[in-house]
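Note sheet for the following structure.
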Amino acid sequence: MAPVAPRSGDAIFANIERVNAELFTLTYGAIVRQLLTDLEEVEEVNKQLEQMGYNIGIRLIDEFLAKSNVSRCVDFRETADVIAKVGFKMFLGVTASVSNWDAEGTCCSIILEDNPLVDFVELPDTCQGLYYCNILSGVIRGALEMVSMKTEVTWIHDVLRGDDVFELQVKLLKQVPEEYPYKDDE
Amino acid sequence: MQFFGGSEISPSPPVPTASGNNGHMIYMFNRNGVCLLYREWNRPLRTLNAQQDHKLMFGLLFSLKSLTAKMDPTSAEKGNLGVPQLPGQGCSFHSFRTNTYKLSFMESPSGIKIILVTHPRTGDLRDSLKYIYNLYVEYVVKNPLYTPGSPIRCQLFNTTLDQYMRGIA
């Protein structure tokens with residue numbers, strides 16, 4: 001029996017249950033607003049958003065693998081392509097692109113032209129250090145960790161801070177193969 | 001440090017229906033060897049206690065995967081035998097059959113392993129295993145009360161799974 005081919009991001013996005021985009025944007029905005037009120041420090045909020053994203057990512061990966069049928073990616077380039085073309089399309093409905101590969105192929109940039117999380121958002125002067133979409137960097141880090149890749153994800157460009165696009169840098173630190181978890185003593 | 005799930009296992013079998021006696025047992029493990037789920041519908045003989053049984057099953061799969069990947073005649077690169085591989089890499093076995101049962105296996109790239117032990121004349125169960133993986137995503141992963149990496153205690157998942165197993169048998 002031939003293996004099922006992976007489905008494209010558009011096909012899955014069409015079949016999956018969707019929620020109203022404004023509801024999503026406003027809910028996320030309310031979360032960030034509440035975090036700012038509770039934690040007050042912008043750095044703390046950034047860290048908390050990343051942690052929330054990480055918790056989402058470790059569960060999201062299973063849904064992604066189940067719905068998209070992609071098999072294990074051969075190298076990091078393929079991984080980045082899959083994240084940008086299938087992953088972002090499937091969950092956020094936007095297509096991202098990948099660029100700025102470094103020489104060894106372990107570091108790249110994912111560029112998002114539009115981003116549903118930031119519709120209607122403007123950063124006030126008191127929150128200039130805030131990475132509003134930091135949840136996305138946590139999601140990518142969490143998801144990749146569940147497929148044995150330790151990565152570091154940071155924001156390079158952010159539209160809310162005056163740049164043209166959103167640019168995330170994803171850097172592969174190492175691949176962690178699974179080990180036999182039981183000790184040898186019975 | 002605890003490697004496997006708690007000592008109680010999900011309780012067993014619903015009443016077998018006329019057609020539905022094909023499935024015997026199901027195991028689900030995560031990448032760290034934690035037994036997420038064990039359910040049995042028809043298992044007349046038990047030789048080991050639950051924890052040893054899970055450990056044995058996990059160890060068996062780990063070794064079989066390693067062996068099948070190393071013996072692959074079509075693959076160019078092979079590490080040394082015993083070097084751990086990334087889940088999903090290389091070729092992976094999907095079932096083996098003896099004269100009394102058939103064991104079907106599926107592993108996702110995130111390390112979730114699903115094992116189904118059934119009647120020996122069962123056909124290819126890869127699609128069923130994929131469907132069970134989808135059920136896992138819908139009822140367990142998306143459940144906010146479930147901690148990833150712990151044994152599954154979702155009643156709804158168990159019921160849906162039982163219903164599905166009765167349907168495919």
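Identifiers in this document derive from the order of the structure tokens: chains are assigned A, B, ..., residues are numbered from 1 separately in each chain, and ligands are numbered from 1 in order of occurrence.
What chain A places within 8 Å of chain B, counting only C-alpha atoms, is A:Ile58, A:Arg59, A:Ile61, A:Asp62, A:Glu63, A:Leu65, A:Ala66, A:Lys67, A:Ser71, A:Arg72, A:Met146, A:Val147, A:Ser148, A:Val176, A:Pro177, A:Glu178, A:Glu179, A:Tyr180, A:Pro181, A:Tyr182.
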Find the residues near region 7-24 of chain A: any atom within 12 Å, counting only C-alpha atoms, skip ones fewer than 2 places away on the same chain, and give them as a compact mmCIF listing (two decimals) with all heavy atoms, in the first residue's frame.
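Written out: part09.txt:
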```txt
# COMPACT_ATOMS: atom_id res chain seq x y z
N VAL A 4 0.50 7.56 2.16
CA VAL A 4 -0.31 8.71 1.78
C VAL A 4 0.59 9.92 1.63
O VAL A 4 1.44 10.18 2.45
CB VAL A 4 -1.35 8.98 2.89
CG1 VAL A 4 -2.26 10.08 2.48
CG2 VAL A 4 -2.13 7.72 3.16
N ALA A 5 0.38 10.69 0.57
CA ALA A 5 1.23 11.87 0.35
C ALA A 5 0.83 12.97 1.33
O ALA A 5 -0.32 13.06 1.73
CB ALA A 5 1.04 12.36 -1.08
N LEU A 26 -8.74 39.49 18.97
CA LEU A 26 -9.11 40.22 20.19
C LEU A 26 -8.83 39.39 21.44
O LEU A 26 -8.42 39.93 22.47
CB LEU A 26 -10.59 40.61 20.13
CG LEU A 26 -10.90 41.64 19.04
CD1 LEU A 26 -12.40 41.88 18.95
CD2 LEU A 26 -10.18 42.95 19.31
N THR A 27 -9.02 38.08 21.36
CA THR A 27 -8.71 37.23 22.52
C THR A 27 -7.23 37.30 22.83
O THR A 27 -6.82 37.44 23.99
CB THR A 27 -9.10 35.77 22.24
OG1 THR A 27 -10.46 35.72 21.85
CG2 THR A 27 -8.91 34.92 23.48
N TYR A 28 -6.40 37.21 21.77
CA TYR A 28 -4.96 37.28 22.01
C TYR A 28 -4.58 38.62 22.59
O TYR A 28 -3.76 38.73 23.51
CB TYR A 28 -4.19 37.01 20.71
CG TYR A 28 -2.70 36.98 20.92
CD1 TYR A 28 -2.11 35.97 21.66
CD2 TYR A 28 -1.88 37.99 20.43
CE1 TYR A 28 -0.76 35.95 21.90
CE2 TYR A 28 -0.52 37.98 20.65
CZ TYR A 28 0.04 36.96 21.38
OH TYR A 28 1.37 36.94 21.62
N GLY A 29 -5.21 39.67 22.07
CA GLY A 29 -4.93 41.01 22.59
C GLY A 29 -5.29 41.11 24.06
O GLY A 29 -4.56 41.70 24.87
N ALA A 30 -6.42 40.51 24.42
CA ALA A 30 -6.84 40.56 25.83
C ALA A 30 -5.84 39.83 26.71
O ALA A 30 -5.54 40.27 27.82
CB ALA A 30 -8.23 39.94 25.97
N ILE A 31 -5.30 38.70 26.20
CA ILE A 31 -4.31 37.95 26.99
C ILE A 31 -3.08 38.81 27.24
O ILE A 31 -2.58 38.91 28.37
CB ILE A 31 -3.90 36.65 26.25
CG1 ILE A 31 -5.07 35.70 26.19
CG2 ILE A 31 -2.73 35.98 26.94
CD1 ILE A 31 -4.76 34.44 25.40
N GLU A 63 -1.05 17.48 16.50
CA GLU A 63 -2.15 17.80 15.60
C GLU A 63 -1.62 18.05 14.20
O GLU A 63 -2.18 17.59 13.21
CB GLU A 63 -2.90 19.03 16.10
CG GLU A 63 -4.09 19.31 15.22
CD GLU A 63 -4.91 20.50 15.67
OE1 GLU A 63 -4.57 21.11 16.70
OE2 GLU A 63 -5.87 20.80 14.96
N PHE A 64 -0.51 18.75 14.12
CA PHE A 64 0.07 19.04 12.83
C PHE A 64 0.44 17.75 12.10
O PHE A 64 0.13 17.55 10.92
CB PHE A 64 1.31 19.91 13.02
CG PHE A 64 2.04 20.19 11.75
CD1 PHE A 64 1.51 21.02 10.80
CD2 PHE A 64 3.25 19.59 11.49
CE1 PHE A 64 2.16 21.26 9.61
CE2 PHE A 64 3.92 19.82 10.31
CZ PHE A 64 3.37 20.66 9.37
N LEU A 65 1.11 16.82 12.81
CA LEU A 65 1.53 15.59 12.16
C LEU A 65 0.35 14.74 11.76
O LEU A 65 0.35 14.11 10.70
CB LEU A 65 2.43 14.80 13.11
CG LEU A 65 3.78 15.43 13.38
CD1 LEU A 65 4.50 14.70 14.49
CD2 LEU A 65 4.63 15.42 12.13
N ALA A 66 -0.69 14.73 12.60
CA ALA A 66 -1.86 13.90 12.28
C ALA A 66 -2.59 14.44 11.06
O ALA A 66 -2.98 13.69 10.18
CB ALA A 66 -2.79 13.86 13.47
N LYS A 67 -2.76 15.78 11.00
CA LYS A 67 -3.57 16.31 9.90
C LYS A 67 -2.80 16.44 8.61
O LYS A 67 -3.37 16.39 7.55
CB LYS A 67 -4.15 17.67 10.29
CG LYS A 67 -5.04 17.57 11.51
CD LYS A 67 -6.26 18.43 11.36
CE LYS A 67 -7.33 17.95 12.29
NZ LYS A 67 -7.31 18.56 13.60
N SER A 68 -1.49 16.67 8.68
CA SER A 68 -0.81 16.96 7.43
C SER A 68 -0.08 15.78 6.84
O SER A 68 0.36 15.85 5.71
CB SER A 68 0.21 18.06 7.65
OG SER A 68 1.23 17.55 8.47
N ASN A 69 0.06 14.67 7.58
CA ASN A 69 0.70 13.49 7.02
C ASN A 69 2.12 13.69 6.55
O ASN A 69 2.58 12.93 5.70
CB ASN A 69 -0.06 13.02 5.78
CG ASN A 69 -1.10 12.02 6.17
OD1 ASN A 69 -0.92 11.28 7.09
ND2 ASN A 69 -2.18 12.01 5.42
N VAL A 70 2.82 14.69 7.02
CA VAL A 70 4.22 14.79 6.58
C VAL A 70 5.02 13.73 7.29
O VAL A 70 4.79 13.43 8.45
CB VAL A 70 4.84 16.18 6.86
CG1 VAL A 70 4.11 17.24 6.11
CG2 VAL A 70 4.87 16.49 8.32
N SER A 71 5.97 13.17 6.58
CA SER A 71 6.84 12.20 7.24
C SER A 71 8.05 12.98 7.77
O SER A 71 8.13 14.18 7.59
CB SER A 71 7.29 11.15 6.24
OG SER A 71 7.85 11.80 5.14
N ASP A 81 10.89 24.76 5.55
CA ASP A 81 9.91 24.90 4.47
C ASP A 81 8.55 24.39 4.91
O ASP A 81 7.53 25.02 4.63
CB ASP A 81 10.33 24.06 3.25
CG ASP A 81 11.27 24.85 2.38
OD1 ASP A 81 11.14 26.09 2.36
OD2 ASP A 81 12.12 24.24 1.73
N VAL A 82 8.54 23.27 5.58
CA VAL A 82 7.27 22.69 6.03
C VAL A 82 6.60 23.61 7.04
O VAL A 82 5.39 23.83 6.99
CB VAL A 82 7.50 21.28 6.61
CG1 VAL A 82 6.33 20.81 7.41
CG2 VAL A 82 7.78 20.30 5.50
N ILE A 83 7.39 24.19 7.94
CA ILE A 83 6.80 25.09 8.94
C ILE A 83 6.16 26.28 8.22
O ILE A 83 5.03 26.67 8.49
CB ILE A 83 7.85 25.63 9.92
CG1 ILE A 83 8.41 24.51 10.79
CG2 ILE A 83 7.25 26.69 10.83
CD1 ILE A 83 9.51 24.99 11.72
N ALA A 84 6.91 26.85 7.27
CA ALA A 84 6.43 28.07 6.63
C ALA A 84 5.24 27.79 5.72
O ALA A 84 4.24 28.49 5.75
CB ALA A 84 7.56 28.72 5.85
N LYS A 85 5.35 26.74 4.88
CA LYS A 85 4.31 26.54 3.89
C LYS A 85 3.10 25.80 4.45
O LYS A 85 1.98 26.14 4.15
CB LYS A 85 4.85 25.74 2.68
CG LYS A 85 6.05 26.35 2.04
CD LYS A 85 5.61 27.32 0.97
CE LYS A 85 6.67 28.28 0.47
NZ LYS A 85 8.01 28.19 0.98
N VAL A 86 3.31 24.77 5.23
CA VAL A 86 2.18 23.97 5.69
C VAL A 86 1.72 24.43 7.07
O VAL A 86 0.54 24.66 7.29
CB VAL A 86 2.54 22.47 5.71
CG1 VAL A 86 1.32 21.64 6.01
CG2 VAL A 86 3.14 22.05 4.39
N GLY A 87 2.65 24.57 7.98
CA GLY A 87 2.29 24.90 9.35
C GLY A 87 1.58 26.22 9.52
O GLY A 87 0.47 26.30 10.03
N PHE A 88 2.22 27.29 9.06
CA PHE A 88 1.60 28.60 9.22
C PHE A 88 0.28 28.68 8.47
O PHE A 88 -0.69 29.28 8.93
CB PHE A 88 2.53 29.71 8.74
CG PHE A 88 3.43 30.21 9.82
CD1 PHE A 88 4.75 29.79 9.90
CD2 PHE A 88 2.96 31.08 10.78
CE1 PHE A 88 5.58 30.23 10.91
CE2 PHE A 88 3.79 31.52 11.80
CZ PHE A 88 5.09 31.10 11.86
N LYS A 89 0.23 28.06 7.28
CA LYS A 89 -1.00 28.10 6.49
C LYS A 89 -2.11 27.37 7.22
O LYS A 89 -3.24 27.83 7.28
CB LYS A 89 -0.72 27.43 5.14
CG LYS A 89 -1.89 27.47 4.21
CD LYS A 89 -2.07 28.84 3.63
CE LYS A 89 -3.50 29.00 3.17
NZ LYS A 89 -3.79 30.29 2.64
N MET A 90 -1.78 26.24 7.80
CA MET A 90 -2.79 25.41 8.43
C MET A 90 -3.36 26.04 9.68
O MET A 90 -4.55 25.95 9.96
CB MET A 90 -2.12 24.10 8.78
CG MET A 90 -2.97 23.05 9.34
SD MET A 90 -1.95 21.59 9.39
CE MET A 90 -2.62 20.80 10.79
N PHE A 91 -2.53 26.68 10.47
CA PHE A 91 -3.01 27.19 11.74
C PHE A 91 -3.37 28.66 11.73
O PHE A 91 -4.25 29.08 12.47
CB PHE A 91 -1.98 26.92 12.85
CG PHE A 91 -1.86 25.47 13.20
CD1 PHE A 91 -0.75 24.75 12.85
CD2 PHE A 91 -2.88 24.83 13.86
CE1 PHE A 91 -0.65 23.40 13.16
CE2 PHE A 91 -2.79 23.49 14.18
CZ PHE A 91 -1.68 22.77 13.83
N LEU A 92 -2.69 29.46 10.94
CA LEU A 92 -3.01 30.88 10.94
C LEU A 92 -3.61 31.36 9.64
O LEU A 92 -4.06 32.49 9.54
CB LEU A 92 -1.76 31.72 11.22
CG LEU A 92 -1.20 31.65 12.64
CD1 LEU A 92 0.03 32.53 12.75
CD2 LEU A 92 -2.23 32.11 13.65
N GLY A 93 -3.58 30.50 8.61
CA GLY A 93 -4.15 30.91 7.34
C GLY A 93 -3.28 31.85 6.53
O GLY A 93 -3.75 32.43 5.56
N VAL A 94 -2.02 32.01 6.92
CA VAL A 94 -1.12 32.89 6.15
C VAL A 94 0.05 32.06 5.67
O VAL A 94 0.46 31.12 6.32
CB VAL A 94 -0.57 34.04 7.00
CG1 VAL A 94 -1.69 34.94 7.43
CG2 VAL A 94 0.18 33.53 8.19
N THR A 95 0.61 32.43 4.51
CA THR A 95 1.79 31.70 4.05
C THR A 95 3.02 32.51 4.39
O THR A 95 3.06 33.71 4.18
CB THR A 95 1.76 31.52 2.54
OG1 THR A 95 0.43 31.26 2.16
CG2 THR A 95 2.62 30.36 2.13
N ALA A 96 4.00 31.82 4.92
CA ALA A 96 5.25 32.49 5.25
C ALA A 96 6.28 32.07 4.24
O ALA A 96 6.09 31.11 3.49
CB ALA A 96 5.68 32.09 6.65
N ASN A 115 -0.07 39.00 9.51
CA ASN A 115 -0.08 38.26 10.74
C ASN A 115 -1.40 38.55 11.44
O ASN A 115 -1.63 39.67 11.88
CB ASN A 115 1.10 38.74 11.58
CG ASN A 115 1.24 37.98 12.86
OD1 ASN A 115 0.35 37.26 13.28
ND2 ASN A 115 2.38 38.17 13.50
N PRO A 116 -2.28 37.57 11.54
CA PRO A 116 -3.60 37.86 12.11
C PRO A 116 -3.57 38.30 13.57
O PRO A 116 -4.51 38.90 14.05
CB PRO A 116 -4.36 36.54 11.96
CG PRO A 116 -3.33 35.52 11.71
CD PRO A 116 -2.17 36.19 11.09
N LEU A 117 -2.46 38.00 14.27
CA LEU A 117 -2.42 38.37 15.68
C LEU A 117 -2.36 39.89 15.89
O LEU A 117 -2.74 40.39 16.94
CB LEU A 117 -1.19 37.76 16.36
CG LEU A 117 -1.15 36.25 16.53
CD1 LEU A 117 0.20 35.85 17.08
CD2 LEU A 117 -2.23 35.79 17.47
N VAL A 118 -1.82 40.62 14.90
CA VAL A 118 -1.58 42.03 15.16
C VAL A 118 -2.57 42.98 14.48
O VAL A 118 -2.32 44.17 14.41
CB VAL A 118 -0.15 42.44 14.76
CG1 VAL A 118 0.84 41.61 15.49
CG2 VAL A 118 0.04 42.34 13.28
N ASP A 119 -3.67 42.44 13.97
CA ASP A 119 -4.66 43.36 13.41
C ASP A 119 -5.14 44.29 14.50
O ASP A 119 -5.39 43.87 15.62
CB ASP A 119 -5.87 42.57 12.88
CG ASP A 119 -5.51 41.76 11.66
OD1 ASP A 119 -4.51 42.10 11.00
OD2 ASP A 119 -6.22 40.79 11.37
N PHE A 120 -5.31 45.54 14.20
CA PHE A 120 -5.79 46.59 15.11
C PHE A 120 -4.81 46.94 16.22
O PHE A 120 -5.16 47.66 17.14
CB PHE A 120 -7.12 46.24 15.83
CG PHE A 120 -8.11 45.45 15.04
CD1 PHE A 120 -8.68 44.32 15.58
CD2 PHE A 120 -8.49 45.84 13.77
CE1 PHE A 120 -9.61 43.60 14.87
CE2 PHE A 120 -9.42 45.11 13.05
CZ PHE A 120 -9.97 43.99 13.61
N VAL A 121 -3.58 46.41 16.20
CA VAL A 121 -2.70 46.64 17.36
C VAL A 121 -1.70 47.75 17.12
O VAL A 121 -1.10 47.85 16.07
CB VAL A 121 -1.94 45.35 17.71
CG1 VAL A 121 -0.95 45.58 18.82
CG2 VAL A 121 -2.90 44.26 18.11
N GLU B 138 -7.44 14.60 18.90
CA GLU B 138 -8.69 15.31 19.20
C GLU B 138 -9.10 15.20 20.66
O GLU B 138 -9.55 16.17 21.25
CB GLU B 138 -9.83 14.74 18.34
CG GLU B 138 -9.70 15.08 16.87
CD GLU B 138 -9.72 16.57 16.61
OE1 GLU B 138 -10.53 17.28 17.22
OE2 GLU B 138 -8.90 17.03 15.80
```
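Take the candidates A:Ile56, A:Ala103, A:Pro124, A:Arg33 and check each one against Pro144 (chain B) using only C-alpha atoms; the shortest distance goes to A:Ile56.
The two atoms in question, CA of Thr98 (chain B) and CA of Thr122 (chain B), are spaced 11.6 Å apart.
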Subject >> A:Asn55, A:Asn100, A:Thr106, A:Asn46 ranked by distance to Glu78 (chain A), top pick (using only C-alpha atoms) >> reply: A:Thr106
Excluding Met149 (chain A) and its own-chain neighbours fewer than 5 positions away, which residues fall within 8 Å of it when counting only C-alpha atoms? Please give them as a PDB file with all heavy atoms, in the first residue's frame.
```
ATOM      1  N   LEU A 144       9.267  21.981  17.646  1.00  0.00           N
ATOM      2  CA  LEU A 144      10.490  21.370  17.145  1.00  0.00           C
ATOM      3  C   LEU A 144      11.163  20.529  18.210  1.00  0.00           C
ATOM      4  O   LEU A 144      11.830  19.536  17.905  1.00  0.00           O
ATOM      5  CB  LEU A 144      11.443  22.440  16.617  1.00  0.00           C
ATOM      6  CG  LEU A 144      11.000  23.040  15.294  1.00  0.00           C
ATOM      7  CD1 LEU A 144      11.951  24.123  14.858  1.00  0.00           C
ATOM      8  CD2 LEU A 144      10.926  21.980  14.223  1.00  0.00           C
ATOM      9  N   LEU A 172      18.949  26.190  14.612  1.00  0.00           N
ATOM     10  CA  LEU A 172      18.997  24.831  15.124  1.00  0.00           C
ATOM     11  C   LEU A 172      20.227  24.673  15.996  1.00  0.00           C
ATOM     12  O   LEU A 172      21.339  24.857  15.535  1.00  0.00           O
ATOM     13  CB  LEU A 172      19.063  23.848  13.944  1.00  0.00           C
ATOM     14  CG  LEU A 172      19.237  22.380  14.290  1.00  0.00           C
ATOM     15  CD1 LEU A 172      17.993  21.855  14.948  1.00  0.00           C
ATOM     16  CD2 LEU A 172      19.514  21.586  13.031  1.00  0.00           C
ATOM     17  N   LEU A 173      20.011  24.327  17.273  1.00  0.00           N
ATOM     18  CA  LEU A 173      21.171  24.159  18.150  1.00  0.00           C
ATOM     19  C   LEU A 173      21.700  22.741  18.046  1.00  0.00           C
ATOM     20  O   LEU A 173      22.875  22.525  17.834  1.00  0.00           O
ATOM     21  CB  LEU A 173      20.791  24.487  19.598  1.00  0.00           C
ATOM     22  CG  LEU A 173      20.331  25.918  19.809  1.00  0.00           C
ATOM     23  CD1 LEU A 173      19.814  26.105  21.222  1.00  0.00           C
ATOM     24  CD2 LEU A 173      21.451  26.885  19.528  1.00  0.00           C
ATOM     25  N   LYS A 174      20.814  21.758  18.263  1.00  0.00           N
ATOM     26  CA  LYS A 174      21.258  20.394  17.987  1.00  0.00           C
ATOM     27  C   LYS A 174      20.077  19.450  17.813  1.00  0.00           C
ATOM     28  O   LYS A 174      18.967  19.735  18.236  1.00  0.00           O
ATOM     29  CB  LYS A 174      22.165  19.892  19.093  1.00  0.00           C
ATOM     30  CG  LYS A 174      21.540  19.841  20.447  1.00  0.00           C
ATOM     31  CD  LYS A 174      22.542  19.267  21.421  1.00  0.00           C
ATOM     32  CE  LYS A 174      21.967  19.202  22.804  1.00  0.00           C
ATOM     33  NZ  LYS A 174      22.654  18.232  23.633  1.00  0.00           N
ATOM     34  N   GLN A 175      20.359  18.320  17.211  1.00  0.00           N
ATOM     35  CA  GLN A 175      19.370  17.260  17.071  1.00  0.00           C
ATOM     36  C   GLN A 175      19.590  16.304  18.224  1.00  0.00           C
ATOM     37  O   GLN A 175      20.710  15.927  18.506  1.00  0.00           O
ATOM     38  CB  GLN A 175      19.617  16.477  15.780  1.00  0.00           C
ATOM     39  CG  GLN A 175      19.638  17.323  14.548  1.00  0.00           C
ATOM     40  CD  GLN A 175      18.459  17.027  13.690  1.00  0.00           C
ATOM     41  OE1 GLN A 175      17.446  16.517  14.166  1.00  0.00           O
ATOM     42  NE2 GLN A 175      18.550  17.338  12.417  1.00  0.00           N
ATOM     43  N   VAL A 176      18.506  15.907  18.882  1.00  0.00           N
ATOM     44  CA  VAL A 176      18.663  15.056  20.051  1.00  0.00           C
ATOM     45  C   VAL A 176      18.019  13.709  19.779  1.00  0.00           C
ATOM     46  O   VAL A 176      16.825  13.566  19.930  1.00  0.00           O
ATOM     47  CB  VAL A 176      17.956  15.699  21.260  1.00  0.00           C
ATOM     48  CG1 VAL A 176      18.309  14.973  22.509  1.00  0.00           C
ATOM     49  CG2 VAL A 176      18.321  17.156  21.374  1.00  0.00           C
TER      50      VAL A 176
END
```
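Compared by their closest atoms to Arg141 (chain A), and using only C-alpha atoms, the residues A:Thr25, A:Thr154, A:Gln34, A:Gln128 rank with A:Thr154 nearest.
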